[in-house]
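**Student:** To be precise about what I am sending: the file is called structure.txt and holds compact mmCIF, C-alpha atoms.
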```
# COMPACT_ATOMS: atom_id res chain seq x y z
CA MET W 1 -20.24 19.20 5.99
CA ALA W 2 -19.89 19.86 9.67
CA GLU W 3 -16.96 18.30 11.45
CA SER W 4 -17.17 17.53 15.11
CA ARG W 5 -14.88 19.67 17.21
CA SER W 6 -11.82 18.04 18.66
CA THR W 7 -10.15 18.78 21.94
CA ALA W 8 -6.97 17.15 20.71
CA GLY W 9 -4.93 20.18 19.64
CA ASP W 10 -3.55 22.01 16.62
CA VAL W 11 -3.03 20.43 13.23
CA GLU W 12 0.61 20.18 12.16
CA ARG W 13 -0.20 18.83 8.68
CA SER W 14 -3.05 17.03 6.95
CA VAL W 15 -3.02 14.30 4.37
CA VAL W 16 -5.88 12.97 2.30
CA LEU W 17 -6.54 9.25 2.51
CA PRO W 18 -7.94 8.82 -0.99
CA ALA W 19 -10.97 6.60 -1.53
CA GLY W 20 -9.78 3.03 -2.05
CA TYR W 21 -6.14 3.74 -1.21
CA GLY W 22 -3.91 3.38 1.81
CA LYS W 23 -1.15 5.22 3.58
CA ALA W 24 1.33 4.35 6.32
CA ILE W 25 2.51 6.99 8.80
CA ARG W 26 5.17 6.94 11.49
CA LEU W 27 4.00 8.35 14.82
CA GLN W 28 6.28 8.83 17.78
CA ALA W 29 5.28 7.84 21.30
CA GLY W 30 2.94 10.45 22.77
CA ARG W 31 2.02 12.00 19.40
CA ARG W 32 -1.55 12.03 18.11
CA LEU W 33 -3.39 12.07 14.82
CA ARG W 34 -7.01 12.63 13.96
CA LEU W 35 -8.74 10.46 11.37
CA VAL W 36 -11.73 12.30 9.91
CA ASN W 37 -14.50 10.32 8.26
CA LEU W 38 -15.51 13.08 5.84
CA HIS W 39 -18.61 11.23 4.60
CA GLY W 40 -19.39 9.25 7.74
CA VAL W 41 -19.92 5.83 6.26
CA GLN W 42 -16.44 4.99 5.01
CA ALA W 43 -14.69 2.00 6.61
CA VAL W 44 -10.99 2.46 7.31
CA ASP W 45 -8.82 -0.53 8.12
CA LEU W 46 -6.00 0.06 10.58
CA TRP W 47 -2.81 -1.82 11.37
CA ALA W 48 -0.04 -0.80 13.77
CA PHE W 49 3.53 -2.08 14.04
CA VAL W 50 6.17 -1.16 16.58
CA ASP W 51 8.60 1.07 14.70
CA GLY W 52 11.86 -0.83 14.34
CA ASP W 53 10.32 -4.15 15.40
CA PRO W 54 7.40 -4.99 13.10
CA GLY W 55 7.24 -8.48 14.62
CA GLU W 56 5.33 -6.71 17.41
CA TYR W 57 2.07 -5.51 15.96
CA LEU W 58 -1.52 -4.69 16.82
CA SER W 59 -3.21 -8.08 17.15
CA MET W 60 -6.97 -8.51 17.09
CA GLU W 61 -6.83 -11.90 18.84
CA HIS W 62 -4.65 -10.53 21.63
CA PHE W 63 -6.92 -7.49 21.88
CA ARG W 64 -9.94 -9.75 22.46
CA SER W 65 -7.99 -11.86 24.95
CA VAL W 66 -6.85 -8.82 26.96
CA HIS W 67 -10.13 -6.88 26.92
CA SER W 68 -12.69 -9.71 26.60
CA VAL W 69 -14.72 -7.75 24.07
CA VAL W 70 -15.17 -7.97 20.30
CA TRP W 71 -15.09 -4.28 19.44
CA ALA W 72 -12.68 -1.45 20.15
CA THR W 73 -13.65 1.79 21.89
CA THR W 74 -11.91 4.59 23.79
CA ALA W 75 -12.00 2.26 26.83
CA THR W 76 -9.89 -0.46 25.23
CA PRO W 77 -6.26 0.39 24.43
CA LEU W 78 -5.06 -1.26 21.23
CA VAL W 79 -2.65 -3.96 22.29
CA SER W 80 0.08 -5.79 20.48
CA ASN W 81 0.88 -9.48 20.33
CA ALA W 82 3.11 -8.75 23.34
CA ARG W 83 -0.07 -7.74 25.24
CA ARG W 84 0.90 -4.10 25.72
CA ALA W 85 -0.91 -0.96 24.60
CA ILE W 86 0.80 0.50 21.54
CA VAL W 87 -2.01 2.85 20.39
CA THR W 88 -5.01 4.34 22.16
CA ILE W 89 -8.24 5.80 20.78
CA VAL W 90 -8.31 8.91 22.96
CA GLU W 91 -11.31 10.62 21.36
CA ASP W 92 -14.14 9.30 19.23
CA THR W 93 -17.14 11.15 17.80
CA SER W 94 -18.20 8.26 15.56
CA SER W 95 -20.70 5.57 16.50
CA GLY W 96 -17.93 4.44 18.83
CA ARG W 97 -17.51 0.73 18.13
CA HIS W 98 -14.87 -0.60 15.78
CA ASP W 99 -14.83 -4.15 14.48
CA THR W 100 -12.13 -6.66 15.41
CA LEU W 101 -13.72 -9.75 13.81
CA LEU W 102 -13.56 -9.56 10.03
CA CYS W 103 -10.57 -9.84 7.74
CA PRO W 104 -9.45 -6.90 5.63
CA CYS W 105 -10.83 -7.15 2.11
CA ASN W 106 -8.42 -8.99 -0.13
CA GLU W 107 -7.81 -10.23 -3.64
CA PRO W 108 -9.41 -13.68 -3.19
CA LEU W 109 -12.56 -12.01 -1.82
CA TYR W 110 -12.89 -9.76 -4.86
CA ARG W 111 -12.26 -12.73 -7.15
CA GLN W 112 -15.12 -14.58 -5.43
CA LEU W 113 -17.31 -11.49 -5.75
CA GLY W 114 -16.67 -11.42 -9.49
CA ALA W 115 -14.70 -8.16 -9.52
CA PRO W 116 -12.30 -7.58 -12.39
CA ALA W 117 -8.68 -8.60 -11.79
CA GLY W 118 -6.66 -5.86 -10.13
CA HIS W 119 -9.48 -4.59 -7.91
CA ARG W 120 -7.87 -2.69 -5.06
CA SER W 121 -8.02 -4.20 -1.57
CA CYS W 122 -7.30 -3.22 2.01
CA ALA W 123 -4.77 -6.06 2.33
CA ASP W 124 -2.83 -4.78 -0.68
CA ASN W 125 -3.11 -1.20 0.62
CA LEU W 126 -1.36 -2.29 3.83
CA HIS W 127 1.64 -3.63 1.97
CA GLU W 128 1.73 -0.69 -0.48
CA GLY W 129 1.65 1.79 2.37
CA LEU W 130 4.47 0.05 4.22
CA ALA W 131 6.52 -0.19 1.02
CA ASP W 132 6.28 3.60 0.62
CA LEU W 133 8.13 3.80 3.96
CA GLY W 134 10.65 1.17 2.85
CA LEU W 135 9.07 -1.44 5.12
CA ALA W 136 7.72 -4.93 4.52
CA VAL W 137 6.02 -7.55 6.67
CA PRO W 138 5.81 -11.20 5.62
CA PHE W 139 2.09 -11.60 6.28
CA THR W 140 -1.16 -9.66 6.69
CA PRO W 141 -2.30 -9.36 10.30
CA ALA W 142 -6.00 -9.06 10.99
CA SER W 143 -7.03 -5.41 10.74
CA LEU W 144 -8.95 -3.23 13.16
CA ASN W 145 -11.90 -2.17 11.04
CA LEU W 146 -12.59 1.42 12.05
CA PHE W 147 -16.16 2.71 11.69
CA MET W 148 -17.37 -0.82 10.86
CA CYS W 149 -20.33 -1.88 12.93
CA VAL W 150 -20.38 -5.65 13.39
CA GLU W 151 -22.34 -7.47 16.08
CA VAL W 152 -22.59 -11.08 17.21
CA ARG W 153 -26.00 -12.67 17.71
CA ALA W 154 -26.72 -15.15 20.51
CA ASP W 155 -26.33 -18.06 18.07
CA GLY W 156 -22.77 -16.96 17.29
CA SER W 157 -23.62 -15.53 13.89
CA ILE W 158 -22.07 -12.28 12.74
CA ASP W 159 -24.30 -9.35 11.86
CA ARG W 160 -22.76 -6.77 9.51
CA ARG W 161 -24.67 -3.56 10.24
CA LEU W 162 -24.71 -0.67 7.82
CA PRO W 163 -22.24 2.03 8.89
CA SER W 164 -23.83 4.69 11.04
CA SER W 165 -21.30 7.42 11.81
CA SER W 166 -22.02 11.03 10.86
CA PRO W 167 -20.12 12.95 8.17
CA GLY W 168 -17.12 14.62 9.75
CA SER W 169 -16.99 12.31 12.73
CA HIS W 170 -13.47 11.53 13.85
CA LEU W 171 -11.15 9.46 15.96
CA VAL W 172 -8.01 10.70 17.67
CA LEU W 173 -5.32 8.05 17.94
CA GLN W 174 -2.36 8.38 20.29
CA ALA W 175 0.85 6.42 19.87
CA GLU W 176 1.89 4.80 23.16
CA VAL W 177 5.21 3.69 21.69
CA ASP W 178 6.92 4.67 18.42
CA VAL W 179 4.65 3.06 15.83
CA VAL W 180 4.00 2.74 12.14
CA LEU W 181 0.27 3.12 11.52
CA ALA W 182 -1.14 1.80 8.24
CA PHE W 183 -4.56 2.97 7.09
CA SER W 184 -6.66 1.72 4.21
CA CYS W 185 -9.68 3.65 2.98
CA CYS W 186 -11.64 0.53 2.09
CA PRO W 187 -12.16 0.06 -1.69
CA GLN W 188 -15.20 -2.19 -1.25
CA ASP W 189 -17.76 -1.16 -3.90
CA ILE W 190 -19.65 -4.44 -4.33
CA THR W 191 -21.08 -5.02 -0.84
CA PRO W 192 -22.61 -2.15 1.23
CA ILE W 193 -19.94 -2.15 3.96
CA ASN W 194 -19.05 1.46 2.98
CA GLY W 195 -22.71 2.46 2.87
CA PRO W 196 -25.66 1.68 0.63
CA GLU W 197 -24.22 3.74 -2.25
CA ARG W 198 -21.32 1.27 -2.47
CA THR W 199 -18.97 4.15 -3.21
CA PRO W 200 -15.64 4.48 -1.40
CA ARG W 201 -14.97 8.05 -0.24
CA ASP W 202 -11.92 10.03 0.82
CA CYS W 203 -11.00 10.42 4.46
CA ARG W 204 -8.48 12.83 5.98
CA ILE W 205 -5.69 12.39 8.48
CA ASP W 206 -4.60 15.37 10.58
CA ILE W 207 -1.24 14.95 12.26
CA LEU W 208 -1.60 16.92 15.47
CA ALA W 209 1.07 19.18 16.88
CA PRO W 210 2.72 17.94 20.03
CA PRO W 211 1.19 19.43 23.15
CA PRO W 212 3.14 22.30 24.74
CA GLU W 213 5.86 21.04 27.08
CA ASP W 214 4.09 22.38 30.15
CA ALA W 215 0.91 20.49 29.26
CA ARG W 216 2.55 17.08 28.99
CA MET H 217 -13.10 -44.11 30.10
CA ALA H 218 -15.51 -44.69 27.26
CA GLU H 219 -14.62 -43.31 23.88
CA SER H 220 -17.34 -42.36 21.46
CA ARG H 221 -17.44 -44.62 18.42
CA SER H 222 -16.25 -43.18 15.18
CA THR H 223 -17.49 -43.95 11.72
CA ALA H 224 -14.28 -42.60 10.25
CA GLY H 225 -12.35 -45.83 9.61
CA ASP H 226 -9.39 -47.88 10.80
CA VAL H 227 -6.47 -46.44 12.73
CA GLU H 228 -3.16 -46.53 10.86
CA ARG H 229 -1.12 -45.23 13.82
CA SER H 230 -1.70 -43.27 17.00
CA VAL H 231 0.41 -40.63 18.69
CA VAL H 232 0.03 -39.16 22.13
CA LEU H 233 -0.28 -35.38 22.33
CA PRO H 234 1.29 -34.96 25.75
CA ALA H 235 -0.23 -32.52 28.23
CA GLY H 236 1.26 -29.09 27.61
CA TYR H 237 3.10 -30.06 24.44
CA GLY H 238 2.51 -29.78 20.72
CA LYS H 239 3.00 -31.77 17.57
CA ALA H 240 2.81 -31.03 13.86
CA ILE H 241 1.65 -33.66 11.38
CA ARG H 242 1.57 -33.74 7.59
CA LEU H 243 -1.75 -34.93 6.17
CA GLN H 244 -2.34 -35.48 2.48
CA ALA H 245 -5.49 -34.29 0.73
CA GLY H 246 -8.37 -36.64 1.48
CA ARG H 247 -6.72 -38.23 4.53
CA ARG H 248 -8.25 -38.01 7.99
CA LEU H 249 -7.16 -38.03 11.60
CA ARG H 250 -9.10 -38.32 14.83
CA LEU H 251 -8.26 -36.10 17.79
CA VAL H 252 -9.42 -37.75 21.01
CA ASN H 253 -10.00 -35.61 24.09
CA LEU H 254 -9.18 -38.36 26.59
CA HIS H 255 -10.27 -36.32 29.62
CA GLY H 256 -12.91 -34.17 27.92
CA VAL H 257 -11.94 -30.77 29.22
CA GLN H 258 -8.57 -30.24 27.56
CA ALA H 259 -8.27 -27.35 25.08
CA VAL H 260 -6.25 -28.09 21.95
CA ASP H 261 -5.09 -25.26 19.72
CA LEU H 262 -4.94 -25.99 16.01
CA TRP H 263 -3.15 -24.36 13.11
CA ALA H 264 -3.05 -25.51 9.49
CA PHE H 265 -0.68 -24.53 6.69
CA VAL H 266 -0.75 -25.56 3.07
CA ASP H 267 2.10 -28.06 2.69
CA GLY H 268 4.77 -26.44 0.54
CA ASP H 269 3.21 -22.96 0.79
CA PRO H 270 2.92 -21.98 4.47
CA GLY H 271 1.99 -18.44 3.41
CA GLU H 272 -1.47 -19.94 2.90
CA TYR H 273 -2.78 -20.92 6.30
CA LEU H 274 -5.96 -21.41 8.30
CA SER H 275 -7.07 -17.88 9.16
CA MET H 276 -9.59 -17.15 11.88
CA GLU H 277 -10.47 -13.72 10.46
CA HIS H 278 -11.08 -15.16 6.99
CA PHE H 279 -13.09 -18.00 8.56
CA ARG H 280 -15.40 -15.48 10.25
CA SER H 281 -15.67 -13.46 7.05
CA VAL H 282 -16.59 -16.51 4.95
CA HIS H 283 -18.98 -18.18 7.39
CA SER H 284 -20.29 -15.17 9.34
CA VAL H 285 -20.03 -17.03 12.63
CA VAL H 286 -17.61 -16.91 15.57
CA TRP H 287 -17.24 -20.63 16.23
CA ALA H 288 -16.32 -23.61 14.11
CA THR H 289 -18.50 -26.70 13.71
CA THR H 290 -18.89 -29.56 11.24
CA ALA H 291 -20.94 -27.13 9.12
CA THR H 292 -18.12 -24.64 8.61
CA PRO H 293 -15.10 -25.83 6.58
CA LEU H 294 -11.84 -24.40 7.89
CA VAL H 295 -10.73 -21.85 5.34
CA SER H 296 -7.38 -20.32 4.57
CA ASN H 297 -6.41 -16.71 3.96
CA ALA H 298 -7.11 -17.53 0.29
CA ARG H 299 -10.74 -18.21 1.29
CA ARG H 300 -10.72 -21.89 0.39
CA ALA H 301 -11.42 -24.92 2.59
CA ILE H 302 -8.16 -26.60 3.53
CA VAL H 303 -9.46 -28.76 6.43
CA THR H 304 -12.95 -29.94 7.41
CA ILE H 305 -14.29 -31.18 10.73
CA VAL H 306 -16.16 -34.20 9.37
CA GLU H 307 -17.21 -35.71 12.70
CA ASP H 308 -17.54 -34.23 16.18
CA THR H 309 -18.74 -35.89 19.37
CA SER H 310 -17.62 -32.99 21.60
CA SER H 311 -19.81 -30.08 22.65
CA GLY H 312 -19.48 -29.10 19.00
CA ARG H 313 -18.38 -25.45 19.07
CA HIS H 314 -14.76 -24.44 18.74
CA ASP H 315 -13.51 -20.94 19.51
CA THR H 316 -12.10 -18.63 16.84
CA LEU H 317 -11.80 -15.48 18.97
CA LEU H 318 -8.99 -15.82 21.50
CA CYS H 319 -5.25 -15.85 20.93
CA PRO H 320 -3.21 -18.94 21.70
CA CYS H 321 -1.61 -18.72 25.12
CA ASN H 322 1.81 -17.15 24.88
CA GLU H 323 4.87 -16.09 26.84
CA PRO H 324 3.70 -12.51 27.56
CA LEU H 325 0.41 -13.87 28.93
CA TYR H 326 2.18 -16.20 31.35
CA ARG H 327 4.51 -13.38 32.39
CA GLN H 328 1.46 -11.22 33.19
CA LEU H 329 -0.09 -14.14 35.09
CA GLY H 330 3.04 -14.41 37.23
CA ALA H 331 4.15 -17.81 35.95
CA PRO H 332 7.83 -18.68 36.24
CA ALA H 333 9.98 -17.94 33.18
CA GLY H 334 9.95 -20.77 30.67
CA HIS H 335 6.31 -21.73 31.22
CA ARG H 336 5.22 -23.66 28.13
CA SER H 337 2.73 -22.01 25.77
CA CYS H 338 0.57 -22.92 22.79
CA ALA H 339 2.32 -20.30 20.66
CA ASP H 340 5.73 -21.84 21.39
CA ASN H 341 4.30 -25.33 20.81
CA LEU H 342 3.29 -24.28 17.28
CA HIS H 343 6.82 -23.26 16.38
CA GLU H 344 8.39 -26.26 18.12
CA GLY H 345 6.08 -28.64 16.28
CA LEU H 346 6.85 -27.06 12.92
CA ALA H 347 10.58 -27.11 13.66
CA ASP H 348 10.39 -30.88 14.24
CA LEU H 349 9.27 -31.12 10.58
CA GLY H 350 12.01 -28.74 9.46
CA LEU H 351 9.51 -25.93 8.93
CA ALA H 352 9.30 -22.36 10.21
CA VAL H 353 6.80 -19.54 9.85
CA PRO H 354 7.70 -15.92 10.61
CA PHE H 355 4.67 -15.19 12.79
CA THR H 356 1.99 -16.84 14.91
CA PRO H 357 -1.42 -16.93 13.23
CA ALA H 358 -4.50 -16.90 15.41
CA SER H 359 -5.33 -20.46 16.45
CA LEU H 360 -8.57 -22.40 16.24
CA ASN H 361 -9.18 -23.28 19.86
CA LEU H 362 -10.66 -26.75 19.77
CA PHE H 363 -12.98 -27.77 22.62
CA MET H 364 -12.93 -24.18 23.95
CA CYS H 365 -16.37 -22.82 24.60
CA VAL H 366 -16.43 -19.03 24.19
CA GLU H 367 -19.57 -16.97 23.67
CA VAL H 368 -20.26 -13.32 22.92
CA ARG H 369 -22.85 -11.45 24.97
CA ALA H 370 -25.16 -8.82 23.46
CA ASP H 371 -22.90 -6.04 24.78
CA GLY H 372 -19.96 -7.45 22.80
CA SER H 373 -18.22 -8.91 25.83
CA ILE H 374 -16.59 -12.31 25.63
CA ASP H 375 -17.74 -15.09 27.95
CA ARG H 376 -15.19 -17.87 28.56
CA ARG H 377 -17.29 -20.88 29.54
CA LEU H 378 -15.83 -23.85 31.33
CA PRO H 379 -15.11 -26.69 28.90
CA SER H 380 -17.98 -29.16 28.67
CA SER H 381 -17.01 -32.06 26.40
CA SER H 382 -17.13 -35.64 27.70
CA PRO H 383 -14.03 -37.78 28.27
CA GLY H 384 -13.24 -39.63 25.06
CA SER H 385 -15.10 -37.23 22.83
CA HIS H 386 -13.40 -36.70 19.51
CA LEU H 387 -13.14 -34.76 16.29
CA VAL H 388 -12.30 -36.19 12.89
CA LEU H 389 -10.43 -33.75 10.68
CA GLN H 390 -10.09 -34.25 6.94
CA ALA H 391 -7.42 -32.56 4.85
CA GLU H 392 -8.92 -30.93 1.77
CA VAL H 393 -5.47 -30.13 0.37
CA ASP H 394 -2.03 -31.37 1.45
CA VAL H 395 -1.61 -29.67 4.83
CA VAL H 396 0.62 -29.43 7.85
CA LEU H 397 -1.54 -29.51 10.98
CA ALA H 398 -0.04 -28.20 14.21
CA PHE H 399 -1.68 -29.14 17.50
CA SER H 400 -0.97 -27.81 20.98
CA CYS H 401 -2.33 -29.54 24.06
CA CYS H 402 -2.80 -26.31 25.99
CA PRO H 403 -0.39 -25.92 28.97
CA GLN H 404 -2.63 -23.41 30.76
CA ASP H 405 -2.57 -24.33 34.48
CA ILE H 406 -3.31 -20.93 36.04
CA THR H 407 -6.76 -20.12 34.61
CA PRO H 408 -9.53 -22.79 34.37
CA ILE H 409 -9.63 -22.90 30.55
CA ASN H 410 -8.62 -26.60 30.71
CA GLY H 411 -11.14 -27.30 33.46
CA PRO H 412 -11.51 -26.37 37.11
CA GLU H 413 -8.63 -28.64 38.15
CA ARG H 414 -6.25 -26.43 36.13
CA THR H 415 -4.34 -29.51 35.06
CA PRO H 416 -3.37 -30.05 31.43
CA ARG H 417 -4.03 -33.63 30.26
CA ASP H 418 -2.84 -35.80 27.40
CA CYS H 419 -4.86 -36.11 24.22
CA ARG H 420 -4.41 -38.67 21.44
CA ILE H 421 -4.24 -38.37 17.68
CA ASP H 422 -5.24 -41.36 15.54
CA ILE H 423 -4.08 -41.15 11.95
CA LEU H 424 -6.79 -42.98 10.04
CA ALA H 425 -6.12 -45.42 7.22
CA PRO H 426 -7.13 -44.19 3.78
CA PRO H 427 -10.53 -45.45 2.71
CA PRO H 428 -10.51 -48.41 0.28
CA GLU H 429 -10.16 -47.26 -3.31
CA ASP H 430 -13.70 -48.31 -4.18
CA ALA H 431 -15.11 -46.22 -1.33
CA ARG H 432 -13.49 -42.96 -2.39
```
Can the structure from this file be put into structure tokens for me?

**Tutor:**
Amino acid sequence: MAESRSTAGDVERSVVLPAGYGKAIRLQAGRRLRLVNLHGVQAVDLWAFVDGDPGEYLSMEHFRSVHSVVWATTATPLVSNARRAIVTIVEDTSSGRHDTLLCPCNEPLYRQLGAPAGHRSCADNLHEGLADLGLAVPFTPASLNLFMCVEVRADGSIDRRLPSSSPGSHLVLQAEVDVVLAFSCCPQDITPINGPERTPRDCRIDILAPPPEDAR
Amino acid sequence: MAESRSTAGDVERSVVLPAGYGKAIRLQAGRRLRLVNLHGVQAVDLWAFVDGDPGEYLSMEHFRSVHSVVWATTATPLVSNARRAIVTIVEDTSSGRHDTLLCPCNEPLYRQLGAPAGHRSCADNLHEGLADLGLAVPFTPASLNLFMCVEVRADGSIDRRLPSSSPGSHLVLQAEVDVVLAFSCCPQDITPINGPERTPRDCRIDILAPPPEDAR
């Protein structure tokens, strides 16, 4: 599959974000990573916490209050519950709108959908990913639902569109402060939120090398 | 001012929700209270926690996921992060749409607006109200913003309408499980979210008597 070219710089290391699983990554202020949607239609839930102070975190309700818009783009820095930008989408070759409205998938949802006990979920992936870094948070913030296309009709109803990004499309995220980013490659295989095949797919995260000193 | 009549029953006791302040109230399953918007244009932020298990709470992102709509009405039971109804709006004589999108007002917002330090906020009112009951939660969930009229345009942008309810309009809330309800009579006096006069006003909460046994 063809991947869109990125202007963001060299890759320091890459990690696979396996279908249905999550991973948390520390990223220092000014550093960037590229999230590659290898198959194009995979939703990836994102959370961000200030490293060392997880009580300050990416907040969807503060995002909407600050930017007065229901989806995230390169024009809308990702703000915390302290109303400051902690992460920015600096490059985006996907369909370009990322949902702030819906909750991460979770155990009660899968129970209601009739899935067998133990079905993986984005909410659990958040906490698993943080635990791998020795971190814990006492609740599950609302997630930013990357690559998920959700619109609001004039009557206030929510329209879940099928995902529309191309295979290999990517986002580049830049840390504006030292952050812990948690990603979940959504395990939803009952509804078509990850595409009509209802099959979660791997994504890839490229940690980008810092820019040369003279380019900063 | 004229208050709309309620079919909800006799008043057991009433408490004033003073302009700019909050209050938390325990309500047993099946019991009801009436929130009266004495001046019509006052926003009131609401939170709900399962009594004895505050890790289960009214969640705006789960509400939108369950009901596929961005505002709350009598048709949309207020669901928790476990995707079950914990409170219902059983009667509503206000404009009838209540915002799920925007964050409660908070200290960083007032700092950005240039308010003097110590300006009251809905977020602080939540925690103060819970503390009066000997309770604490380690974070601030998104609030349900009662009487706040917020719409989403086709381009995804958020349209904060001026409040439009009539003086004396009310909601009746019914607990579906034993809950702690936290109310904040919004202290916003810089933007017109509480009306063009930018003056927070008292509201009133009537705790309703339980229905007679034979009517249950």

**Student:** Give me the chain H side of the contact with chain W, cut-off 10 Å, one line per residue showing its nearest atom pair and distance in Å at one decimal, counting only C-alpha atoms, sorted by chain and residue number, as a Markdown table.

**Tutor:**
```
| residue | atom | partner | partner_atom | distance |
| --- | --- | --- | --- | --- |
| H:Gly271 | CA | W:Phe139 | CA | 7.4 |
| H:Glu272 | CA | W:Phe139 | CA | 9.7 |
| H:Ser275 | CA | W:Cys103 | CA | 8.9 |
| H:Met276 | CA | W:Cys103 | CA | 8.5 |
| H:Glu277 | CA | W:Cys103 | CA | 4.7 |
| H:His278 | CA | W:Cys103 | CA | 5.4 |
| H:Phe279 | CA | W:Cys103 | CA | 8.6 |
| H:Arg280 | CA | W:Leu102 | CA | 6.2 |
| H:Ser281 | CA | W:Leu102 | CA | 5.3 |
| H:Val282 | CA | W:Leu109 | CA | 9.1 |
| H:His283 | CA | W:Ser157 | CA | 8.4 |
| H:Ser284 | CA | W:Ile158 | CA | 4.8 |
| H:Val285 | CA | W:Ser157 | CA | 4.1 |
| H:Val286 | CA | W:Gly156 | CA | 5.4 |
| H:Trp287 | CA | W:Gly156 | CA | 6.7 |
| H:Ala288 | CA | W:Gly156 | CA | 9.8 |
| H:Asn297 | CA | W:Pro108 | CA | 8.3 |
| H:Ala298 | CA | W:Pro108 | CA | 5.7 |
| H:Arg299 | CA | W:Pro108 | CA | 6.5 |
| H:Arg300 | CA | W:Pro108 | CA | 9.1 |
| H:Arg313 | CA | W:Gly156 | CA | 9.7 |
| H:Thr316 | CA | W:Glu61 | CA | 8.8 |
| H:Leu317 | CA | W:Glu61 | CA | 6.1 |
| H:Leu318 | CA | W:Glu61 | CA | 5.2 |
| H:Cys319 | CA | W:Glu61 | CA | 4.7 |
| H:Pro320 | CA | W:Glu61 | CA | 8.4 |
| H:Cys321 | CA | W:Ser65 | CA | 9.4 |
| H:Asn322 | CA | W:Ala82 | CA | 8.6 |
| H:Glu323 | CA | W:Ala82 | CA | 8.3 |
| H:Pro324 | CA | W:Ala82 | CA | 5.7 |
| H:Leu325 | CA | W:Arg83 | CA | 7.2 |
| H:Gln328 | CA | W:Arg83 | CA | 8.8 |
| H:Val353 | CA | W:Pro138 | CA | 9.4 |
| H:Pro354 | CA | W:Pro138 | CA | 7.1 |
| H:Phe355 | CA | W:Gly55 | CA | 7.4 |
| H:Thr356 | CA | W:Asn81 | CA | 9.2 |
| H:Pro357 | CA | W:Pro141 | CA | 8.2 |
| H:Ala358 | CA | W:Glu61 | CA | 6.5 |
| H:Ser359 | CA | W:Glu61 | CA | 9.0 |
| H:Val366 | CA | W:Gly156 | CA | 9.6 |
| H:Glu367 | CA | W:Gly156 | CA | 7.1 |
| H:Val368 | CA | W:Val152 | CA | 6.6 |
| H:Arg369 | CA | W:Ala154 | CA | 7.0 |
| H:Ala370 | CA | W:Arg153 | CA | 7.0 |
| H:Asp371 | CA | W:Val69 | CA | 8.4 |
| H:Gly372 | CA | W:Val69 | CA | 5.4 |
| H:Ser373 | CA | W:Val69 | CA | 4.1 |
| H:Ile374 | CA | W:Ser68 | CA | 4.8 |
| H:Asp375 | CA | W:Ser68 | CA | 7.5 |
| H:Arg376 | CA | W:Ser68 | CA | 8.8 |
```

**Student:** Which is closest to H:Asp348 among H:Val396, H:Leu274, H:Thr407, H:Phe265, if we use all atoms listed in the file?

**Tutor:**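 With all atoms listed in the file as the atom set, the closest residue is H:Val396.
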
**Student:** Mind pulling up the distance from atom CA of H:Pro270 to atom CA of H:His343?

**Tutor:**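 Atom CA of H:His343 sits 12.6 Å away from atom CA of H:Pro270.
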
**Student:** Could you pull the residues within 8 Å of H:Ala240, counting only C-alpha atoms, minus those fewer than 4 positions along the same chain, as a PDB file with C-alpha atoms, in the frame of the given file?

**Tutor:**
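Saved result, out-v3.pdb, follows:
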```pdb
ATOM      1  CA  LEU H 342       3.290 -24.280  17.280  1.00  0.00           C
ATOM      2  CA  GLY H 345       6.080 -28.640  16.280  1.00  0.00           C
ATOM      3  CA  LEU H 346       6.850 -27.060  12.920  1.00  0.00           C
ATOM      4  CA  ASP H 348      10.390 -30.880  14.240  1.00  0.00           C
ATOM      5  CA  LEU H 349       9.270 -31.120  10.580  1.00  0.00           C
ATOM      6  CA  VAL H 396       0.620 -29.430   7.850  1.00  0.00           C
ATOM      7  CA  LEU H 397      -1.540 -29.510  10.980  1.00  0.00           C
ATOM      8  CA  ALA H 398      -0.040 -28.200  14.210  1.00  0.00           C
ATOM      9  CA  PHE H 399      -1.680 -29.140  17.500  1.00  0.00           C
TER      10      PHE H 399
END
```

**Student:** Report, in Å to a single decimal, how far apart atom CA of H:Trp263 and atom CA of H:Arg414 are.

**Tutor:** 23.3 Å

**Student:** Have a look at atom CA of W:Gly40 and atom CA of W:Gly168 and let me know their distance in Å, one decimal.

**Tutor:**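 The value is 6.2 Å.
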
**Student:** Counting all atoms listed in the file, which residue out of W:Arg161, W:Arg34, W:Arg111, W:His119 sits closest to W:Pro187?

**Tutor:**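 When distances to W:Pro187 are compared using all atoms listed in the file, the smallest one comes from W:His119.
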